[in-house]
$ cat protein19.cif   # mmCIF, C-alpha atoms and all ligand atoms
data_input
#
loop_
_atom_site.label_atom_id
_atom_site.label_comp_id
_atom_site.auth_asym_id
_atom_site.auth_seq_id
_atom_site.Cartn_x
_atom_site.Cartn_y
_atom_site.Cartn_z
CA MET H 1 -63.98 16.58 -83.79
CA ASN H 2 -65.90 18.63 -81.22
CA SER H 3 -68.90 17.04 -79.51
CA PRO H 4 -72.17 19.05 -79.66
CA LEU H 5 -71.69 20.13 -76.06
CA ASP H 6 -68.32 21.68 -76.88
CA SER H 7 -70.01 24.53 -78.69
CA ASP H 8 -72.08 25.35 -75.57
CA LEU H 9 -68.92 25.33 -73.48
CA ILE H 10 -67.13 27.56 -75.97
CA LYS H 11 -70.05 30.03 -75.81
CA CYS H 12 -69.71 30.08 -72.02
CA ILE H 13 -65.95 30.69 -72.30
CA LEU H 14 -66.41 33.58 -74.74
CA ALA H 15 -69.16 35.10 -72.57
CA GLU H 16 -67.09 34.43 -69.42
CA ASP H 17 -70.19 32.70 -68.06
CA ASP H 18 -68.74 30.71 -65.16
CA ALA H 19 -72.14 29.59 -63.86
CA GLY H 20 -73.00 28.13 -67.27
CA PHE H 21 -69.62 26.44 -67.74
CA ASP H 22 -69.63 25.01 -64.22
CA GLN H 23 -72.77 22.99 -65.07
CA ILE H 24 -70.35 20.29 -66.30
CA PHE H 25 -69.41 19.64 -62.66
CA PRO H 26 -71.39 17.75 -59.99
CA ASP H 27 -73.14 20.03 -57.45
CA ARG H 28 -70.55 19.74 -54.70
CA ILE H 29 -67.67 20.53 -57.05
CA ARG H 30 -69.61 23.40 -58.63
CA ALA H 31 -70.13 24.89 -55.17
CA LEU H 32 -66.35 25.07 -54.73
CA SER H 33 -65.79 26.89 -58.01
CA ARG H 34 -65.94 30.50 -56.87
CA VAL H 35 -63.06 30.01 -54.45
CA HIS H 36 -61.04 27.11 -55.89
CA TRP H 37 -61.37 26.90 -59.70
CA THR H 38 -60.09 29.49 -62.15
CA PRO H 39 -62.68 32.01 -63.46
CA LEU H 40 -63.09 31.93 -67.26
CA ALA H 41 -61.94 35.53 -67.62
CA VAL H 42 -58.61 34.42 -66.12
CA VAL H 43 -58.48 31.20 -68.18
CA ARG H 44 -58.78 33.25 -71.38
CA LYS H 45 -55.96 35.64 -70.51
CA ALA H 46 -53.66 32.99 -69.08
CA ALA H 47 -54.19 30.48 -71.91
CA ALA H 48 -53.67 33.15 -74.56
CA PHE H 49 -50.32 34.06 -72.98
CA LEU H 50 -49.13 30.49 -72.38
CA VAL H 51 -50.02 28.97 -75.76
CA GLN H 52 -47.59 30.42 -78.30
CA THR H 53 -47.97 27.75 -81.01
CA PRO H 54 -50.38 24.83 -81.62
CA ARG H 55 -47.62 22.55 -80.29
CA THR H 56 -47.44 24.25 -76.88
CA ARG H 57 -47.98 21.84 -73.99
CA VAL H 58 -49.30 23.58 -70.88
CA LEU H 59 -49.17 21.99 -67.43
CA ASP H 60 -51.67 23.07 -64.76
CA LEU H 61 -50.00 22.35 -61.41
CA GLY H 62 -52.83 21.20 -59.15
CA CYS H 63 -55.62 21.07 -61.71
CA GLY H 64 -58.61 20.25 -59.48
CA PRO H 65 -61.50 18.87 -61.63
CA GLY H 66 -59.84 20.28 -64.75
CA LYS H 67 -61.61 23.60 -65.34
CA PHE H 68 -58.48 25.44 -66.50
CA CYS H 69 -57.34 22.53 -68.72
CA ILE H 70 -60.74 21.90 -70.29
CA ALA H 71 -61.50 25.57 -70.98
CA GLY H 72 -57.92 26.26 -72.14
CA ALA H 73 -57.98 23.35 -74.60
CA LEU H 74 -61.34 24.48 -76.00
CA PHE H 75 -60.24 28.11 -76.27
CA THR H 76 -56.75 27.66 -77.79
CA GLU H 77 -54.89 25.27 -80.07
CA GLY H 78 -52.51 24.13 -77.35
CA SER H 79 -52.48 20.88 -75.36
CA PHE H 80 -53.38 21.04 -71.69
CA CYS H 81 -52.28 18.57 -69.01
CA GLY H 82 -53.19 18.78 -65.37
CA VAL H 83 -51.71 17.04 -62.35
CA GLU H 84 -53.89 16.61 -59.28
CA GLN H 85 -53.35 14.88 -55.94
CA ARG H 86 -57.06 14.26 -55.14
CA ARG H 87 -58.27 11.14 -56.95
CA ARG H 88 -61.94 12.19 -56.71
CA LEU H 89 -61.21 15.42 -58.63
CA CYS H 90 -59.26 13.48 -61.27
CA GLN H 91 -62.18 11.09 -61.71
CA ILE H 92 -64.53 14.02 -62.33
CA ALA H 93 -62.14 15.50 -64.90
CA TRP H 94 -61.62 12.12 -66.63
CA LYS H 95 -65.40 11.63 -66.93
CA ILE H 96 -65.93 15.08 -68.48
CA ILE H 97 -63.02 14.62 -70.90
CA LYS H 98 -64.45 11.26 -71.97
CA THR H 99 -68.11 12.25 -72.30
CA GLN H 100 -67.29 15.47 -74.12
CA ARG H 101 -64.67 13.66 -76.22
CA LEU H 102 -62.22 16.47 -75.54
CA ALA H 103 -58.98 16.34 -77.47
CA ASN H 104 -55.73 17.86 -76.18
CA THR H 105 -56.69 17.48 -72.52
CA GLU H 106 -55.11 15.01 -70.11
CA ILE H 107 -55.17 14.67 -66.34
CA PHE H 108 -52.65 12.80 -64.17
CA HIS H 109 -53.41 11.62 -60.67
CA ALA H 110 -50.13 12.32 -58.83
CA PRO H 111 -48.49 14.73 -56.43
CA ILE H 112 -46.77 17.57 -58.30
CA ASN H 113 -43.46 16.42 -56.78
CA ALA H 114 -43.65 13.21 -58.82
CA LEU H 115 -43.54 15.08 -62.12
CA SER H 116 -40.58 16.26 -64.17
CA PHE H 117 -41.49 19.41 -66.10
CA SER H 118 -39.35 18.52 -69.11
CA ASN H 119 -42.32 17.31 -71.19
CA PHE H 120 -44.07 20.69 -70.94
CA ASP H 121 -43.50 24.14 -72.39
CA ALA H 122 -45.59 26.41 -70.17
CA PHE H 123 -46.99 26.30 -66.65
CA TYR H 124 -50.03 27.54 -64.73
CA LEU H 125 -50.41 27.78 -60.97
CA PHE H 126 -53.52 28.83 -59.10
CA ASN H 127 -52.05 28.88 -55.62
CA PRO H 128 -51.92 25.08 -55.29
CA PHE H 129 -50.00 24.81 -52.04
CA ALA H 130 -51.80 27.46 -49.99
CA GLU H 131 -53.94 24.84 -48.26
CA HIS H 132 -50.84 23.73 -46.31
CA LEU H 133 -50.65 27.14 -44.64
CA PRO H 134 -52.60 27.78 -41.41
CA SER H 135 -54.19 30.92 -42.94
CA ALA H 136 -56.12 28.80 -45.50
CA VAL H 137 -57.67 26.29 -43.10
CA GLN H 138 -61.26 27.54 -43.46
CA ASP H 139 -61.14 27.22 -47.26
CA ARG H 140 -60.11 23.58 -47.53
CA ILE H 141 -61.48 21.56 -50.46
CA ASP H 142 -61.87 18.46 -48.25
CA ASP H 143 -59.97 16.64 -45.52
CA THR H 144 -58.48 13.84 -47.65
CA ILE H 145 -54.98 15.36 -47.73
CA ASP H 146 -52.51 15.52 -44.85
CA LEU H 147 -51.50 19.13 -44.50
CA SER H 148 -48.16 20.34 -43.24
CA GLU H 149 -45.88 23.29 -43.72
CA SER H 150 -43.04 20.91 -44.58
CA ARG H 151 -45.09 19.60 -47.56
CA TYR H 152 -45.57 23.23 -48.58
CA ASP H 153 -41.80 23.80 -48.48
CA GLN H 154 -41.07 20.56 -50.42
CA SER H 155 -43.62 21.41 -53.11
CA VAL H 156 -42.34 24.96 -53.54
CA LEU H 157 -38.77 23.66 -53.76
CA HIS H 158 -39.72 21.06 -56.40
CA VAL H 159 -41.54 23.57 -58.60
CA SER H 160 -38.83 26.20 -58.40
CA THR H 161 -36.12 23.59 -59.12
CA GLU H 162 -38.00 22.33 -62.19
CA LEU H 163 -38.69 25.86 -63.44
CA ARG H 164 -35.02 26.71 -63.06
CA LYS H 165 -34.17 23.82 -65.43
CA ALA H 166 -36.64 25.01 -68.09
CA PRO H 167 -35.28 26.71 -71.25
CA TRP H 168 -35.15 30.47 -71.85
CA GLY H 169 -38.48 31.77 -73.04
CA THR H 170 -40.52 29.43 -70.81
CA ARG H 171 -43.76 31.09 -69.77
CA VAL H 172 -45.56 30.75 -66.45
CA VAL H 173 -48.81 32.28 -65.18
CA THR H 174 -49.55 32.57 -61.47
CA TYR H 175 -52.98 33.44 -60.11
CA CYS H 176 -53.57 34.51 -56.49
CA GLY H 177 -50.11 34.10 -55.04
CA SER H 178 -47.62 31.32 -55.82
CA ASP H 179 -44.85 33.82 -56.61
CA ASP H 180 -42.59 32.08 -54.10
CA VAL H 181 -42.09 29.26 -56.64
CA ILE H 182 -40.76 31.60 -59.33
CA PRO H 183 -36.95 31.61 -59.74
CA SER H 184 -35.17 34.94 -60.09
CA ASP H 185 -34.40 34.50 -63.80
CA TYR H 186 -38.12 34.77 -64.59
CA GLU H 187 -39.46 38.24 -65.20
CA CYS H 188 -43.02 39.34 -64.50
CA VAL H 189 -43.80 40.82 -67.92
CA VAL H 190 -47.36 41.86 -67.10
CA GLY H 191 -49.60 41.93 -64.04
CA ASP H 192 -53.38 42.09 -64.15
CA LEU H 193 -56.34 42.09 -61.75
CA HIS H 194 -54.46 44.29 -59.27
CA GLY H 195 -51.47 41.95 -59.27
CA LYS H 196 -53.49 38.76 -58.60
CA LEU H 197 -52.69 37.50 -62.11
CA ARG H 198 -49.05 37.52 -63.19
CA PHE H 199 -47.42 36.59 -66.48
CA TRP H 200 -43.80 35.43 -66.25
CA GLU H 201 -41.13 34.65 -68.81
CA LYS H 202 -37.69 33.15 -68.30
CA ARG H 203 -35.12 35.64 -69.59
CA ALA H 204 -31.45 35.25 -70.46
CA ASN H 205 -31.01 38.99 -70.10
CA ARG H 206 -33.91 40.51 -68.24
CA LYS H 207 -33.00 44.19 -68.48
CA ASP H 208 -32.48 44.45 -72.26
CA SER H 209 -35.74 43.08 -73.51
CA GLY H 210 -38.14 43.60 -70.61
CA GLN H 211 -39.93 46.79 -71.54
CA GLU H 212 -40.30 45.92 -75.21
CA LYS H 213 -41.69 42.49 -74.33
CA SER H 214 -44.12 43.94 -71.79
CA MET H 215 -45.59 46.23 -74.44
CA GLU H 216 -45.92 43.32 -76.87
CA VAL H 217 -47.65 41.06 -74.33
CA MET H 218 -49.87 43.86 -73.06
CA SER H 219 -51.10 44.65 -76.54
CA ALA H 220 -51.77 40.93 -77.28
CA LEU H 221 -53.78 40.57 -74.08
CA THR H 222 -55.84 43.71 -74.57
CA THR H 223 -57.10 42.40 -77.92
CA LEU H 224 -58.81 39.44 -76.15
C1 LIG H 301 -56.82 26.41 -56.06
S1 LIG H 301 -57.06 24.81 -56.78
C2 LIG H 301 -56.82 25.20 -58.49
C3 LIG H 301 -57.45 24.20 -59.44
C4 LIG H 301 -57.20 24.45 -60.92
N1 LIG H 301 -55.80 24.68 -61.20
C5 LIG H 301 -57.97 25.63 -61.43
O1 LIG H 301 -57.34 26.64 -61.65
O2 LIG H 301 -59.20 25.56 -61.60
C6 LIG H 301 -55.53 24.01 -56.32
C7 LIG H 301 -55.52 22.51 -56.59
O3 LIG H 301 -54.18 22.04 -56.42
C8 LIG H 301 -54.24 20.72 -55.89
N2 LIG H 301 -52.95 20.45 -55.25
C9 LIG H 301 -52.41 21.08 -54.18
N3 LIG H 301 -51.21 20.58 -53.87
C10 LIG H 301 -50.95 19.60 -54.77
C11 LIG H 301 -49.85 18.71 -54.97
N4 LIG H 301 -48.79 18.76 -54.18
N5 LIG H 301 -49.93 17.82 -55.98
C12 LIG H 301 -51.02 17.77 -56.79
N6 LIG H 301 -52.10 18.60 -56.65
C13 LIG H 301 -52.06 19.51 -55.65
C14 LIG H 301 -55.40 20.79 -54.91
O4 LIG H 301 -55.89 19.49 -54.60
C15 LIG H 301 -56.40 21.66 -55.69
O5 LIG H 301 -57.25 20.86 -56.46
#
$ encode --input "protein19.cif" --output "structure tokens"
Amino acid sequence: MNSPLDSDLIKCILAEDDAGFDQIFPDRIRALSRVHWTPLAVVRKAAAFLVQTPRTRVLDLGCGPGKFCIAGALFTEGSFCGVEQRRRLCQIAWKIIKTQRLANTEIFHAPINALSFSNFDAFYLFNPFAEHLPSAVQDRIDDTIDLSESRYDQSVLHVSTELRKAPWGTRVVTYCGSDDVIPSDYECVVGDLHGKLRFWEKRANRKDSGQEKSMEVMSALTTL
């Protein structure tokens, strides 16, 4: 059953009111939201694409304090899991999930590399590994993580290897980059926000069904 606060959060999601939704976070985490946590307008589109049935299990790779998972679970019937390397961010997410008594939302404290993707149906990435690149130094969340380009390469390799093992029809959304993790048998069926938001699907035969599928997905997303 939803807690009373859930209805306020759902109103924020529907109104795409990020400032209102972000009140669930402590000040310092809220201040990071504009750059590091997914905007609600993006959560709505991505979650609607990823959740195909009430049994869909979505994994947010690098979930931060859980904004995408919490909003996605409130907005759809799917289950949302997040994996996050920073314990402090996990603790914030765990506290919100507990106090709001949120169902269908779970957060793991672990590096992405520790996780097999076989328990999940769909995947979301908001540029999780960019902080390892020199170009992102000024936008770091904090200095608790050792950064290196070799960790970037290992993480990209792990994600692309796991996605390659996933069954046909697996859906992935990438926001602000992260395309380098997408294996070649995934097709970008729709792009949005000038290409910053991309919707991918693993295809057995990309050429045959691509255009038809793009039209179908496009029309589903425009009704949101
Ligand atoms: C840009 S934030 C996105 C947060 C969240 N997905 C959202 O959309 O609101 C990227 C997050 O990925 C986490 N991250 C980066 N590399 C990771 C790794 N190898 N394992 C687990 N988490 C990681 C970072 O700590 C950060 O919280």
$ closest_residue --input "protein19.cif" --among "H:Ser118, H:Gln85, H:Gln91, H:Ser79" --to "ligand LIG 301 (chain H)" --atoms "all atoms listed in the file"
H:Gln85
$ residues_around --input "protein19.cif" --residues "Arg28 (chain H)" --least-positions-apart "4" --cutoff "12 Å" --atoms "all atoms listed in the file" --output "ChimeraX atom specification"
/H:22-24,32-34,65,88-89,92,141-142
$ axis_aligned_box --input "protein19.cif" --around "region 77-87 of chain H" --padding-each-side "4 Å" --output "lines of an AutoDock Vina configuration file"
center_x = -55.0
center_y = 18.2
center_z = -67.6
size_x = 14.6
size_y = 22.1
size_z = 32.9
$ closest_residue --input "protein19.cif" --among "H:Arg171, H:Leu125, H:Leu40, H:Arg164" --to "Asp17 (chain H)" --atoms "all atoms listed in the file"
H:Leu40
$ residues_near_ligand --input "protein19.cif" --ligand "ligand LIG 301 (chain H)" --cutoff "6 Å" --atoms "only C-alpha atoms and all ligand atoms" --output "number ranges by chain"
H: 36-38, 60, 62-64, 67-68, 83-86, 110-112, 126-129, 155
$ closest_residue --input "protein19.cif" --among "H:Ile96, H:Ile182, H:Ala136, H:Ala114" --to "Ala166 (chain H)" --atoms "all atoms listed in the file"
H:Ile182
$ residues_around --input "protein19.cif" --residues "Ala130 (chain H)" --least-positions-apart "6" --cutoff "9 Å" --atoms "only C-alpha atoms" --output "ChimeraX atom specification"
/H:136,152,177-178
$ atom_distance --input "protein19.cif" --atom1 "CA of Lys196 (chain H)" --atom2 "CA of Gly72 (chain H)"
19.0 Å
$ residues_near_point --input "protein19.cif" --point "(-53.3, 23.1, -80.4)" --cutoff "6 Å" --atoms "all atoms listed in the file" --output "PyMOL selection string"
chain H and resi 54-55+77-79
$ write_last_selection --input "protein19.cif" --atoms "C-alpha atoms" --output "mmCIF file, in the frame of the given file"
data_model
loop_
_atom_site.group_PDB
_atom_site.id
_atom_site.type_symbol
_atom_site.label_atom_id
_atom_site.label_comp_id
_atom_site.auth_asym_id
_atom_site.auth_seq_id
_atom_site.Cartn_x
_atom_site.Cartn_y
_atom_site.Cartn_z
ATOM 1 C CA PRO H 54 -50.380 24.830 -81.620
ATOM 2 C CA ARG H 55 -47.620 22.550 -80.290
ATOM 3 C CA GLU H 77 -54.890 25.270 -80.070
ATOM 4 C CA GLY H 78 -52.510 24.130 -77.350
ATOM 5 C CA SER H 79 -52.480 20.880 -75.360
#
$ closest_residue --input "protein19.cif" --among "H:Pro167, H:Gly66, H:Gly191, H:Pro134" --to "Cys81 (chain H)" --atoms "only C-alpha atoms"
H:Gly66
$ atom_distance --input "protein19.cif" --atom1 "CA of Ala48 (chain H)" --atom2 "CA of Gly82 (chain H)"
17.1 Å
$ atom_distance --input "protein19.cif" --atom1 "CA of Phe21 (chain H)" --atom2 "CA of Asp139 (chain H)"
22.2 Å
$ closest_residue --input "protein19.cif" --among "H:Lys11, H:His194, H:His132, H:Arg57" --to "Tyr175 (chain H)" --atoms "all atoms listed in the file"
H:His194
$ residues_near_point --input "protein19.cif" --point "(-61.0, 34.1, -68.2)" --cutoff "10 Å" --atoms "only C-alpha atoms" --output "ChimeraX atom specification"
/H:13-18,38-48,68,71-72,224
$ closest_residue --input "protein19.cif" --among "H:Thr105, H:Asn205, H:Thr161, H:Ser184" --to "Val58 (chain H)" --atoms "all atoms listed in the file"
H:Thr105
$ build_atoms --input "protein19.cif" --residues "region 43-76 of chain H" --atoms "N, CA and C atoms" --output "PDB file, in the frame of the given file"
ATOM      1  N   VAL H  43     -58.903  32.279 -67.264  1.00  0.00           N
ATOM      2  CA  VAL H  43     -58.480  31.200 -68.180  1.00  0.00           C
ATOM      3  C   VAL H  43     -58.135  31.813 -69.542  1.00  0.00           C
ATOM      4  N   ARG H  44     -58.994  32.693 -70.036  1.00  0.00           N
ATOM      5  CA  ARG H  44     -58.780  33.250 -71.380  1.00  0.00           C
ATOM      6  C   ARG H  44     -57.448  33.996 -71.457  1.00  0.00           C
ATOM      7  N   LYS H  45     -57.209  34.853 -70.470  1.00  0.00           N
ATOM      8  CA  LYS H  45     -55.960  35.640 -70.510  1.00  0.00           C
ATOM      9  C   LYS H  45     -54.740  34.743 -70.335  1.00  0.00           C
ATOM     10  N   ALA H  46     -54.822  33.831 -69.369  1.00  0.00           N
ATOM     11  CA  ALA H  46     -53.660  32.990 -69.080  1.00  0.00           C
ATOM     12  C   ALA H  46     -53.368  32.061 -70.257  1.00  0.00           C
ATOM     13  N   ALA H  47     -54.411  31.433 -70.815  1.00  0.00           N
ATOM     14  CA  ALA H  47     -54.190  30.480 -71.910  1.00  0.00           C
ATOM     15  C   ALA H  47     -53.646  31.204 -73.138  1.00  0.00           C
ATOM     16  N   ALA H  48     -54.144  32.404 -73.391  1.00  0.00           N
ATOM     17  CA  ALA H  48     -53.670  33.150 -74.560  1.00  0.00           C
ATOM     18  C   ALA H  48     -52.185  33.494 -74.426  1.00  0.00           C
ATOM     19  N   PHE H  49     -51.745  33.752 -73.206  1.00  0.00           N
ATOM     20  CA  PHE H  49     -50.320  34.060 -72.980  1.00  0.00           C
ATOM     21  C   PHE H  49     -49.463  32.799 -73.052  1.00  0.00           C
ATOM     22  N   LEU H  50     -49.958  31.710 -72.497  1.00  0.00           N
ATOM     23  CA  LEU H  50     -49.130  30.490 -72.380  1.00  0.00           C
ATOM     24  C   LEU H  50     -48.989  29.758 -73.707  1.00  0.00           C
ATOM     25  N   VAL H  51     -50.045  29.749 -74.518  1.00  0.00           N
ATOM     26  CA  VAL H  51     -50.020  28.970 -75.760  1.00  0.00           C
ATOM     27  C   VAL H  51     -49.464  29.857 -76.884  1.00  0.00           C
ATOM     28  N   GLN H  52     -48.213  29.591 -77.265  1.00  0.00           N
ATOM     29  CA  GLN H  52     -47.590  30.420 -78.300  1.00  0.00           C
ATOM     30  C   GLN H  52     -47.681  29.781 -79.680  1.00  0.00           C
ATOM     31  N   THR H  53     -47.803  28.440 -79.724  1.00  0.00           N
ATOM     32  CA  THR H  53     -47.970  27.750 -81.010  1.00  0.00           C
ATOM     33  C   THR H  53     -48.940  26.585 -80.761  1.00  0.00           C
ATOM     34  N   PRO H  54     -49.478  25.976 -81.824  1.00  0.00           N
ATOM     35  CA  PRO H  54     -50.380  24.830 -81.620  1.00  0.00           C
ATOM     36  C   PRO H  54     -49.689  23.648 -80.952  1.00  0.00           C
ATOM     37  N   ARG H  55     -48.347  23.663 -80.919  1.00  0.00           N
ATOM     38  CA  ARG H  55     -47.620  22.550 -80.290  1.00  0.00           C
ATOM     39  C   ARG H  55     -47.356  22.780 -78.797  1.00  0.00           C
ATOM     40  N   THR H  56     -47.735  23.958 -78.299  1.00  0.00           N
ATOM     41  CA  THR H  56     -47.440  24.250 -76.880  1.00  0.00           C
ATOM     42  C   THR H  56     -48.160  23.285 -75.949  1.00  0.00           C
ATOM     43  N   ARG H  57     -47.395  22.727 -74.994  1.00  0.00           N
ATOM     44  CA  ARG H  57     -47.980  21.840 -73.990  1.00  0.00           C
ATOM     45  C   ARG H  57     -47.970  22.563 -72.636  1.00  0.00           C
ATOM     46  N   VAL H  58     -49.162  22.829 -72.137  1.00  0.00           N
ATOM     47  CA  VAL H  58     -49.300  23.580 -70.880  1.00  0.00           C
ATOM     48  C   VAL H  58     -49.570  22.594 -69.748  1.00  0.00           C
ATOM     49  N   LEU H  59     -48.911  22.805 -68.624  1.00  0.00           N
ATOM     50  CA  LEU H  59     -49.170  21.990 -67.430  1.00  0.00           C
ATOM     51  C   LEU H  59     -49.825  22.847 -66.350  1.00  0.00           C
ATOM     52  N   ASP H  60     -51.004  22.418 -65.891  1.00  0.00           N
ATOM     53  CA  ASP H  60     -51.670  23.070 -64.760  1.00  0.00           C
ATOM     54  C   ASP H  60     -51.274  22.305 -63.500  1.00  0.00           C
ATOM     55  N   LEU H  61     -50.541  22.992 -62.617  1.00  0.00           N
ATOM     56  CA  LEU H  61     -50.000  22.350 -61.410  1.00  0.00           C
ATOM     57  C   LEU H  61     -51.056  22.384 -60.302  1.00  0.00           C
ATOM     58  N   GLY H  62     -51.698  21.262 -60.084  1.00  0.00           N
ATOM     59  CA  GLY H  62     -52.830  21.200 -59.150  1.00  0.00           C
ATOM     60  C   GLY H  62     -54.072  21.617 -59.916  1.00  0.00           C
ATOM     61  N   CYS H  63     -54.595  20.667 -60.705  1.00  0.00           N
ATOM     62  CA  CYS H  63     -55.620  21.070 -61.710  1.00  0.00           C
ATOM     63  C   CYS H  63     -57.041  20.933 -61.207  1.00  0.00           C
ATOM     64  N   GLY H  64     -57.247  20.425 -59.966  1.00  0.00           N
ATOM     65  CA  GLY H  64     -58.610  20.250 -59.480  1.00  0.00           C
ATOM     66  C   GLY H  64     -59.409  19.365 -60.451  1.00  0.00           C
ATOM     67  N   PRO H  65     -60.692  19.691 -60.708  1.00  0.00           N
ATOM     68  CA  PRO H  65     -61.500  18.870 -61.630  1.00  0.00           C
ATOM     69  C   PRO H  65     -61.302  19.265 -63.084  1.00  0.00           C
ATOM     70  N   GLY H  66     -60.251  20.059 -63.364  1.00  0.00           N
ATOM     71  CA  GLY H  66     -59.840  20.280 -64.750  1.00  0.00           C
ATOM     72  C   GLY H  66     -60.401  21.510 -65.434  1.00  0.00           C
ATOM     73  N   LYS H  67     -60.970  22.452 -64.667  1.00  0.00           N
ATOM     74  CA  LYS H  67     -61.610  23.600 -65.340  1.00  0.00           C
ATOM     75  C   LYS H  67     -60.635  24.357 -66.228  1.00  0.00           C
ATOM     76  N   PHE H  68     -59.450  24.677 -65.700  1.00  0.00           N
ATOM     77  CA  PHE H  68     -58.480  25.440 -66.500  1.00  0.00           C
ATOM     78  C   PHE H  68     -58.072  24.662 -67.747  1.00  0.00           C
ATOM     79  N   CYS H  69     -57.794  23.351 -67.581  1.00  0.00           N
ATOM     80  CA  CYS H  69     -57.340  22.530 -68.720  1.00  0.00           C
ATOM     81  C   CYS H  69     -58.433  22.406 -69.780  1.00  0.00           C
ATOM     82  N   ILE H  70     -59.639  22.123 -69.342  1.00  0.00           N
ATOM     83  CA  ILE H  70     -60.740  21.900 -70.290  1.00  0.00           C
ATOM     84  C   ILE H  70     -61.040  23.199 -71.053  1.00  0.00           C
ATOM     85  N   ALA H  71     -61.174  24.295 -70.310  1.00  0.00           N
ATOM     86  CA  ALA H  71     -61.500  25.570 -70.980  1.00  0.00           C
ATOM     87  C   ALA H  71     -60.322  26.024 -71.843  1.00  0.00           C
ATOM     88  N   GLY H  72     -59.097  25.843 -71.357  1.00  0.00           N
ATOM     89  CA  GLY H  72     -57.920  26.260 -72.140  1.00  0.00           C
ATOM     90  C   GLY H  72     -57.815  25.490 -73.441  1.00  0.00           C
ATOM     91  N   ALA H  73     -58.084  24.179 -73.384  1.00  0.00           N
ATOM     92  CA  ALA H  73     -57.980  23.350 -74.600  1.00  0.00           C
ATOM     93  C   ALA H  73     -59.088  23.688 -75.590  1.00  0.00           C
ATOM     94  N   LEU H  74     -60.256  24.103 -75.081  1.00  0.00           N
ATOM     95  CA  LEU H  74     -61.340  24.480 -76.000  1.00  0.00           C
ATOM     96  C   LEU H  74     -61.085  25.868 -76.608  1.00  0.00           C
ATOM     97  N   PHE H  75     -60.385  26.707 -75.874  1.00  0.00           N
ATOM     98  CA  PHE H  75     -60.240  28.110 -76.270  1.00  0.00           C
ATOM     99  C   PHE H  75     -58.989  28.366 -77.108  1.00  0.00           C
ATOM    100  N   THR H  76     -57.993  27.454 -77.043  1.00  0.00           N
ATOM    101  CA  THR H  76     -56.750  27.660 -77.790  1.00  0.00           C
ATOM    102  C   THR H  76     -56.425  26.387 -78.589  1.00  0.00           C
TER     103      THR H  76
END
